[in-house]
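Listing of my_file-v8.txt, compact mmCIF, C-alpha atoms and all ligand atoms
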```txt
# COMPACT_ATOMS: atom_id res chain seq x y z
CA MET A 1 -14.70 -8.13 -22.23
CA THR A 2 -14.38 -4.63 -20.74
CA ILE A 3 -12.78 -1.43 -21.98
CA HIS A 4 -9.36 -2.40 -20.62
CA ILE A 5 -9.57 -6.19 -20.23
CA GLY A 6 -10.10 -8.36 -23.30
CA ALA A 7 -10.82 -11.61 -21.42
CA ALA A 8 -14.09 -13.47 -21.83
CA LYS A 9 -16.18 -13.52 -18.62
CA GLY A 10 -15.27 -17.08 -17.59
CA ASP A 11 -11.57 -16.55 -18.29
CA ILE A 12 -10.90 -14.56 -15.11
CA ALA A 13 -10.68 -16.51 -11.82
CA PRO A 14 -12.41 -15.35 -8.61
CA THR A 15 -8.91 -14.78 -7.15
CA VAL A 16 -6.60 -12.29 -8.87
CA LEU A 17 -2.98 -11.46 -8.03
CA MET A 18 -1.97 -8.00 -9.21
CA PRO A 19 1.68 -7.09 -9.80
CA GLY A 20 2.29 -3.58 -11.12
CA ASP A 21 4.45 -4.86 -13.97
CA PRO A 22 2.70 -6.91 -16.69
CA TYR A 23 5.94 -8.81 -17.45
CA ARG A 24 6.00 -9.87 -13.82
CA ALA A 25 2.49 -11.23 -14.35
CA ARG A 26 3.83 -13.39 -17.17
CA TRP A 27 6.87 -14.51 -15.19
CA ALA A 28 4.76 -15.47 -12.14
CA ALA A 29 2.11 -17.28 -14.20
CA GLU A 30 4.74 -19.31 -16.06
CA LYS A 31 6.67 -20.14 -12.91
CA PHE A 32 3.90 -20.92 -10.42
CA LEU A 33 0.70 -21.82 -12.30
CA SER A 34 -0.34 -24.84 -14.38
CA ASP A 35 -2.44 -24.78 -17.56
CA VAL A 36 -1.61 -21.11 -18.11
CA LYS A 37 -3.57 -19.12 -20.66
CA LEU A 38 -3.02 -15.49 -21.74
CA VAL A 39 -6.37 -13.77 -21.09
CA ASN A 40 -5.56 -10.10 -21.58
CA GLU A 41 -3.15 -8.08 -23.65
CA VAL A 42 -5.07 -4.83 -24.12
CA ARG A 43 -2.51 -1.98 -23.89
CA GLY A 44 0.13 -4.59 -23.10
CA MET A 45 -1.28 -4.97 -19.56
CA LEU A 46 -0.89 -8.75 -19.60
CA GLY A 47 -3.18 -11.06 -17.66
CA PHE A 48 -2.91 -14.85 -17.33
CA THR A 49 -5.22 -17.47 -15.85
CA GLY A 50 -4.11 -20.90 -14.66
CA THR A 51 -4.36 -23.11 -11.61
CA TRP A 52 -2.34 -23.42 -8.42
CA ASN A 53 -2.81 -26.67 -6.47
CA GLY A 54 -5.99 -27.12 -8.49
CA ASN A 55 -7.33 -23.65 -7.63
CA PRO A 56 -8.10 -21.26 -10.49
CA VAL A 57 -6.14 -18.01 -10.28
CA THR A 58 -5.55 -15.00 -12.53
CA ILE A 59 -2.42 -12.85 -12.46
CA GLN A 60 -3.23 -9.46 -13.99
CA GLY A 61 -0.88 -6.46 -14.25
CA SER A 62 -2.22 -3.30 -12.58
CA GLY A 63 0.19 -0.70 -13.94
CA MET A 64 1.78 1.87 -11.64
CA GLY A 65 -0.16 4.20 -9.37
CA MET A 66 -3.68 4.23 -7.98
CA PRO A 67 -5.46 5.62 -11.10
CA SER A 68 -4.14 2.71 -13.18
CA LEU A 69 -4.82 0.04 -10.55
CA SER A 70 -8.30 1.48 -10.04
CA ILE A 71 -9.22 0.86 -13.70
CA TYR A 72 -8.24 -2.82 -13.57
CA ALA A 73 -9.61 -3.50 -10.07
CA ASN A 74 -12.93 -1.81 -10.88
CA GLU A 75 -13.40 -3.84 -14.05
CA LEU A 76 -12.32 -7.08 -12.35
CA ILE A 77 -14.80 -6.51 -9.52
CA THR A 78 -17.81 -5.15 -11.38
CA GLU A 79 -17.55 -7.05 -14.69
CA TYR A 80 -15.76 -10.28 -13.77
CA ASP A 81 -17.05 -10.62 -10.19
CA THR A 82 -13.54 -11.04 -8.74
CA GLN A 83 -13.78 -11.82 -5.03
CA THR A 84 -10.17 -11.69 -3.83
CA LEU A 85 -7.55 -9.20 -5.03
CA ILE A 86 -3.97 -9.42 -3.80
CA ARG A 87 -1.41 -6.82 -4.82
CA ILE A 88 2.14 -8.16 -5.08
CA GLY A 89 4.66 -5.40 -5.45
CA SER A 90 7.65 -3.52 -4.16
CA CYS A 91 7.93 -0.67 -1.71
CA GLY A 92 10.49 1.69 -0.24
CA GLY A 93 11.39 1.06 3.42
CA MET A 94 10.64 3.91 5.85
CA GLN A 95 11.77 2.53 9.22
CA LYS A 96 15.24 1.54 10.43
CA SER A 97 13.77 -1.77 11.62
CA VAL A 98 12.67 -2.61 8.05
CA GLY A 99 15.37 -4.12 5.84
CA ILE A 100 15.82 -4.65 2.11
CA ARG A 101 14.16 -7.98 1.04
CA ASP A 102 11.82 -7.94 4.07
CA VAL A 103 8.14 -8.47 3.39
CA ILE A 104 5.57 -5.91 4.52
CA LEU A 105 1.92 -6.91 4.82
CA ALA A 106 -0.09 -3.70 4.59
CA GLN A 107 -2.63 -3.81 7.41
CA THR A 108 -3.79 -0.35 6.39
CA ALA A 109 -2.69 2.23 3.81
CA THR A 110 -2.35 5.96 4.45
CA SER A 111 -2.54 8.43 1.55
CA ILE A 112 -2.76 12.12 0.71
CA SER A 113 -5.39 11.35 -1.86
CA THR A 114 -6.82 8.40 -3.75
CA PRO A 115 -9.15 8.13 -6.75
CA SER A 116 -11.92 7.68 -4.12
CA ARG A 117 -11.32 11.19 -2.74
CA GLY A 118 -14.41 12.44 -4.57
CA ILE A 119 -16.60 10.05 -2.57
CA PHE A 120 -15.04 10.50 0.85
CA LYS A 121 -14.58 14.30 0.66
CA GLU A 122 -13.95 15.54 4.23
CA MET A 123 -13.90 11.98 5.61
CA ASN A 124 -10.53 10.34 6.33
CA PHE A 125 -11.56 6.79 5.50
CA ALA A 126 -9.10 4.13 6.75
CA PRO A 127 -8.45 1.62 3.95
CA ALA A 128 -7.73 -1.75 5.58
CA ALA A 129 -6.65 -5.24 4.50
CA ASN A 130 -8.90 -8.25 4.86
CA PHE A 131 -7.91 -9.93 8.12
CA ASP A 132 -8.32 -13.51 6.91
CA LEU A 133 -5.88 -12.89 4.03
CA LEU A 134 -3.53 -10.93 6.27
CA HIS A 135 -3.47 -13.65 8.89
CA LYS A 136 -2.82 -16.43 6.35
CA ALA A 137 -0.17 -14.38 4.54
CA PHE A 138 1.62 -13.71 7.83
CA HIS A 139 1.79 -17.41 8.67
CA ALA A 140 2.88 -18.29 5.11
CA ALA A 141 5.67 -15.68 5.24
CA GLU A 142 6.81 -16.79 8.70
CA ALA A 143 6.88 -20.43 7.55
CA LYS A 144 9.23 -19.41 4.71
CA GLY A 145 11.53 -17.75 7.21
CA THR A 146 10.94 -14.35 5.61
CA THR A 147 11.35 -11.34 7.88
CA THR A 148 7.83 -9.96 7.88
CA HIS A 149 6.34 -6.71 9.14
CA VAL A 150 2.63 -5.99 9.51
CA GLY A 151 1.35 -2.43 9.80
CA ASN A 152 0.57 0.86 8.16
CA ILE A 153 2.06 1.82 4.80
CA TYR A 154 1.92 4.98 2.68
CA SER A 155 0.33 4.86 -0.79
CA SER A 156 1.89 7.88 -2.48
CA ASP A 157 0.82 9.60 -5.70
CA VAL A 158 4.42 10.26 -6.69
CA PHE A 159 7.58 8.21 -7.04
CA TYR A 160 9.74 11.32 -7.38
CA ASP A 161 8.70 12.96 -4.15
CA GLU A 162 9.31 16.69 -3.62
CA ARG A 163 8.05 16.63 -0.01
CA PRO A 164 10.77 15.14 2.22
CA ASP A 165 8.98 16.73 5.19
CA LEU A 166 5.97 14.48 4.61
CA ASN A 167 8.12 11.37 4.43
CA GLU A 168 9.67 12.41 7.74
CA GLN A 169 6.21 12.63 9.29
CA MET A 170 5.31 9.22 7.86
CA THR A 171 8.42 7.68 9.39
CA ARG A 172 7.72 9.46 12.68
CA HIS A 173 4.23 7.96 12.71
CA GLY A 174 5.44 4.41 12.19
CA ILE A 175 4.71 3.97 8.48
CA LEU A 176 6.67 0.90 7.38
CA GLY A 177 7.06 1.60 3.67
CA VAL A 178 5.90 3.59 0.65
CA GLU A 179 4.33 2.32 -2.57
CA MET A 180 1.68 3.67 -4.92
CA GLU A 181 -1.38 1.37 -5.15
CA ALA A 182 -2.63 -0.33 -1.99
CA ALA A 183 -4.89 2.39 -0.52
CA GLU A 184 -7.18 2.46 -3.54
CA LEU A 185 -7.24 -1.34 -3.79
CA TYR A 186 -8.48 -1.42 -0.18
CA ASN A 187 -11.04 1.35 -0.85
CA LEU A 188 -12.50 -0.59 -3.78
CA ALA A 189 -12.59 -3.85 -1.84
CA ALA A 190 -14.46 -2.11 0.99
CA ARG A 191 -16.93 -0.48 -1.43
CA HIS A 192 -17.78 -3.75 -3.16
CA GLY A 193 -17.46 -6.19 -0.24
CA ARG A 194 -14.41 -8.02 -1.61
CA LYS A 195 -11.23 -9.27 0.07
CA ALA A 196 -7.95 -7.44 -0.56
CA LEU A 197 -4.37 -7.49 0.66
CA ALA A 198 -1.06 -5.94 -0.41
CA VAL A 199 2.05 -8.11 -0.01
CA LEU A 200 5.14 -5.95 -0.54
CA THR A 201 8.87 -6.59 -0.76
CA VAL A 202 11.19 -3.82 0.33
CA SER A 203 13.16 -3.04 -2.84
CA ASP A 204 14.81 0.20 -1.72
CA HIS A 205 15.16 2.18 1.48
CA LEU A 206 14.38 5.85 1.93
CA LEU A 207 16.49 6.21 5.09
CA THR A 208 19.59 4.25 4.08
CA GLY A 209 19.53 4.66 0.28
CA GLU A 210 20.08 0.89 -0.07
CA ALA A 211 18.47 -0.94 -3.00
CA LEU A 212 17.77 -4.59 -3.77
CA PRO A 213 20.43 -5.87 -6.20
CA ALA A 214 18.95 -6.78 -9.61
CA GLU A 215 19.87 -10.46 -9.19
CA ASP A 216 17.82 -10.70 -5.96
CA ARG A 217 14.66 -9.17 -7.40
CA GLU A 218 13.37 -12.35 -9.01
CA ARG A 219 13.73 -14.47 -5.87
CA SER A 220 12.06 -11.85 -3.68
CA PHE A 221 9.24 -11.51 -6.17
CA GLY A 222 8.80 -15.29 -6.28
CA ASP A 223 8.51 -15.41 -2.47
CA MET A 224 5.73 -12.81 -2.62
CA VAL A 225 3.80 -14.78 -5.24
CA GLU A 226 3.92 -17.88 -3.04
CA ILE A 227 2.87 -15.92 0.05
CA ALA A 228 -0.06 -14.44 -1.89
CA LEU A 229 -1.14 -17.85 -3.23
CA GLU A 230 -0.94 -19.42 0.22
CA ALA A 231 -2.94 -16.52 1.68
CA ALA A 232 -5.64 -17.00 -0.95
CA PHE A 233 -5.88 -20.78 -0.83
CA GLY A 234 -4.05 -21.89 2.34
N1 LIG B 301 8.31 5.27 -3.60
C1 LIG B 301 7.14 4.93 -4.14
N2 LIG B 301 6.88 3.71 -4.58
C2 LIG B 301 7.86 2.79 -4.47
C3 LIG B 301 9.09 3.07 -3.92
C4 LIG B 301 9.31 4.38 -3.45
O1 LIG B 301 10.40 4.71 -2.94
N3 LIG B 301 9.86 1.95 -3.97
C5 LIG B 301 9.09 1.00 -4.55
N4 LIG B 301 7.87 1.49 -4.84
```

Kindly transcribe the structure held in the file into structure tokens.
Ligand code: HPA
Amino acid sequence: MTIHIGAAKGDIAPTVLMPGDPYRARWAAEKFLSDVKLVNEVRGMLGFTGTWNGNPVTIQGSGMGMPSLSIYANELITEYDTQTLIRIGSCGGMQKSVGIRDVILAQTATSISTPSRGIFKEMNFAPAANFDLLHKAFHAAEAKGTTTHVGNIYSSDVFYDERPDLNEQMTRHGILGVEMEAAELYNLAARHGRKALAVLTVSDHLLTGEALPAEDRERSFGDMVEIALEAAFG
């Protein structure tokens, strides 16, 4: 048990999938895992442990933004000895070549700042995905016939962005999409020698204003869960 996770030590699996939304954690656990057990409900940030193809896996909500994800990822790593952390979430598309429903695998994550800023100071550390997970996720996504992009994303501190000029520069420099968590997940994985990846579905588009219709959200989210599971255990 930690400050923010009520699970007993053995109740968290070495592999943890992290959606931002705790209700998505419940939906994914009930749909894809067997022998599901609720292991955390502190602050309503639900976590579930079950098995997938016989492999133990936990699906734990991270909340929105890097400060929230950092709390859960830190406690999972340092108190529960989690080895593999895969974010499953949505992002806003930032290139014309990236469409709604496409999957983006974040090879690296650019940011203005992360909760690790205090450590890195003047250093521009490059937070990067684990290549083994990235490689397996790419093949799993391709096998599903999902349009998949691999590259740099932008982990922003704000959803309601007042700096359109920065977004323009991100697009100009090939950033595929914007979300709010991956950079710090990658920082923490690097610091503690763990494996991390962010698998993202494009839910809205900053250039076209398009958005994923509500009825499509569940299917796209389900595809991401399967890609993440296959990356972890494939
Ligand atoms: N900005 C930040 N995070 C997001 C977005 C966005 O447009 N879409 C989904 N997550």

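Around ligand LIG 301 (chain B), using all atoms listed in the file and a cut-off of 9 Å, the residues in contact are Met64, Gly65, Gly89, Ser90, Cys91, Gly92, Gly93, Met94, Tyr154, Ser155, Ser156, Asp157, Val158, Phe159, Tyr160, Asp161, Gly177, Val178, Glu179, Met180, Glu181, Leu200, Thr201, Val202, Ser203, Asp204, His205 and Leu206 of chain A.
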
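Every protein, DNA or RNA residue with an atom at most 9 Å from A:Ser116, where all atoms listed in the file count and chain neighbours fewer than 6 positions away do not, is listed here: Glu184, Asn187 and Leu188 of chain A.
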
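Atom CA of A:Arg87 is found 4.6 Å from atom CA of A:Met18.
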
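The nearest approach to A:Ala232 among the residues A:Tyr80, A:Phe138, A:Phe125, A:Phe120, with all atoms listed in the file taken into account, belongs to A:Phe138.
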
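Close contacts of A:Gly193, defined as residues with an atom at most 10 Å away when counting all atoms listed in the file, with chain neighbours fewer than 3 positions off set aside, comprise Ile77, Gln83, Thr84, Asn187, Leu188, Ala189, Ala190 and Ala196 of chain A.
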
> What gap, in Å, lies between atom CA of A:Tyr23 and atom CA of A:Leu197?
Replying inline: 20.9 Å

> Can you tell me, as a ChimeraX atom specification, which residues sit within 12 Å of (15.3, -10.3, -8.7) in the file's frame, using all atoms listed in the file?
Replying inline: /A:24,27,90,101,201-203,211-224

> Skipping near chain neighbours, those fewer than 3 positions away, what residues fall within 8 Å of A:Val57 using all atoms listed in the file, listed as JSON, numbers by chain?
Replying inline: {"A": [12, 13, 14, 15, 16, 17, 49, 50, 51, 52]}

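Taking atom CA of A:Gly174 and atom CA of A:Ser111 as the two end points, the separation is 13.9 Å.
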
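Checking A:Asp11, A:Leu185, A:Arg194, A:Asn40 one by one against A:Ala106, counting all atoms listed in the file, you find the shortest gap at A:Leu185.
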
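Using all atoms listed in the file, the shortest contact distance between A:Val225 and any of A:Thr58, A:Thr2, A:Thr82, A:Thr208 is found at A:Thr58.
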
Determine the axis-aligned bounding box of all atoms of stretch 82-101 of chain A present in the file, pad each side by 3 Å, and express its centre and edge lengths in Å to one decimal place as JSON.
```
{"center_x": 1.0, "center_y": -4.0, "center_z": 1.4, "size_x": 35.6, "size_y": 21.7, "size_z": 26.4}
```

> Which one of A:Glu210, A:Glu79, A:Asp35, A:Asp165 sits closest to A:Asn53 if you count all atoms listed in the file?
Replying inline: A:Asp35

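When all atoms listed in the file are used to measure the gap to A:Met170, the shortest distance among A:Ser97, A:Ser34, A:Thr147, A:Asn152 belongs to A:Asn152.
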
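The residue that comes closest to A:Ala198, out of A:Leu176, A:Ile112, A:Met45, A:Ile86 and on the basis of only C-alpha atoms, is A:Ile86.
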
>> Can you pull out the residues contacting A:Leu134? Cut-off 8 Å, using all atoms listed in the file, and skip same-chain residues under 6 positions away; I want them as a VMD selection string.
In response: chain A and resid 105 107 197 231

Any chance you could build stretch 82-104 of chain A out to N, CA and C atoms and write it as a compact mmCIF listing (two decimals), keeping the file's coordinate frame?
```
# COMPACT_ATOMS: atom_id res chain seq x y z
N THR A 82 -14.70 -10.61 -9.52
CA THR A 82 -13.54 -11.04 -8.74
C THR A 82 -13.82 -10.84 -7.25
N GLN A 83 -13.48 -11.85 -6.46
CA GLN A 83 -13.78 -11.82 -5.03
C GLN A 83 -12.57 -11.45 -4.18
N THR A 84 -11.39 -11.89 -4.62
CA THR A 84 -10.17 -11.69 -3.83
C THR A 84 -9.11 -11.05 -4.71
N LEU A 85 -8.56 -9.92 -4.24
CA LEU A 85 -7.55 -9.20 -5.03
C LEU A 85 -6.31 -9.00 -4.16
N ILE A 86 -5.20 -9.54 -4.60
CA ILE A 86 -3.97 -9.42 -3.80
C ILE A 86 -2.90 -8.72 -4.63
N ARG A 87 -2.51 -7.53 -4.16
CA ARG A 87 -1.41 -6.82 -4.82
C ARG A 87 -0.10 -7.46 -4.40
N ILE A 88 0.78 -7.71 -5.38
CA ILE A 88 2.14 -8.16 -5.08
C ILE A 88 3.08 -7.14 -5.72
N GLY A 89 3.86 -6.47 -4.89
CA GLY A 89 4.66 -5.40 -5.45
C GLY A 89 5.82 -5.03 -4.55
N SER A 90 6.49 -3.96 -4.93
CA SER A 90 7.65 -3.52 -4.16
C SER A 90 7.30 -2.23 -3.42
N CYS A 91 8.12 -1.92 -2.44
CA CYS A 91 7.93 -0.67 -1.71
C CYS A 91 9.27 -0.16 -1.22
N GLY A 92 9.30 1.09 -0.83
CA GLY A 92 10.49 1.69 -0.24
C GLY A 92 10.37 1.63 1.29
N GLY A 93 11.42 1.15 1.96
CA GLY A 93 11.39 1.06 3.42
C GLY A 93 11.43 2.44 4.06
N MET A 94 10.68 2.61 5.18
CA MET A 94 10.64 3.91 5.85
C MET A 94 10.96 3.85 7.34
N GLN A 95 11.36 2.66 7.83
CA GLN A 95 11.77 2.53 9.22
C GLN A 95 13.14 1.85 9.27
N LYS A 96 13.93 2.19 10.28
CA LYS A 96 15.24 1.54 10.43
C LYS A 96 15.09 0.03 10.65
N SER A 97 14.00 -0.35 11.31
CA SER A 97 13.77 -1.77 11.62
C SER A 97 13.36 -2.59 10.40
N VAL A 98 13.10 -1.92 9.28
CA VAL A 98 12.67 -2.61 8.05
C VAL A 98 13.87 -2.71 7.12
N GLY A 99 14.20 -3.93 6.70
CA GLY A 99 15.37 -4.12 5.84
C GLY A 99 15.00 -4.43 4.40
N ILE A 100 15.98 -4.23 3.51
CA ILE A 100 15.82 -4.65 2.11
C ILE A 100 15.52 -6.14 2.08
N ARG A 101 14.61 -6.58 1.19
CA ARG A 101 14.16 -7.98 1.04
C ARG A 101 13.08 -8.36 2.05
N ASP A 102 12.89 -7.60 3.11
CA ASP A 102 11.82 -7.94 4.07
C ASP A 102 10.48 -7.85 3.36
N VAL A 103 9.51 -8.56 3.92
CA VAL A 103 8.14 -8.47 3.39
C VAL A 103 7.31 -7.60 4.33
N ILE A 104 6.53 -6.72 3.75
CA ILE A 104 5.57 -5.91 4.52
C ILE A 104 4.17 -6.33 4.10
```
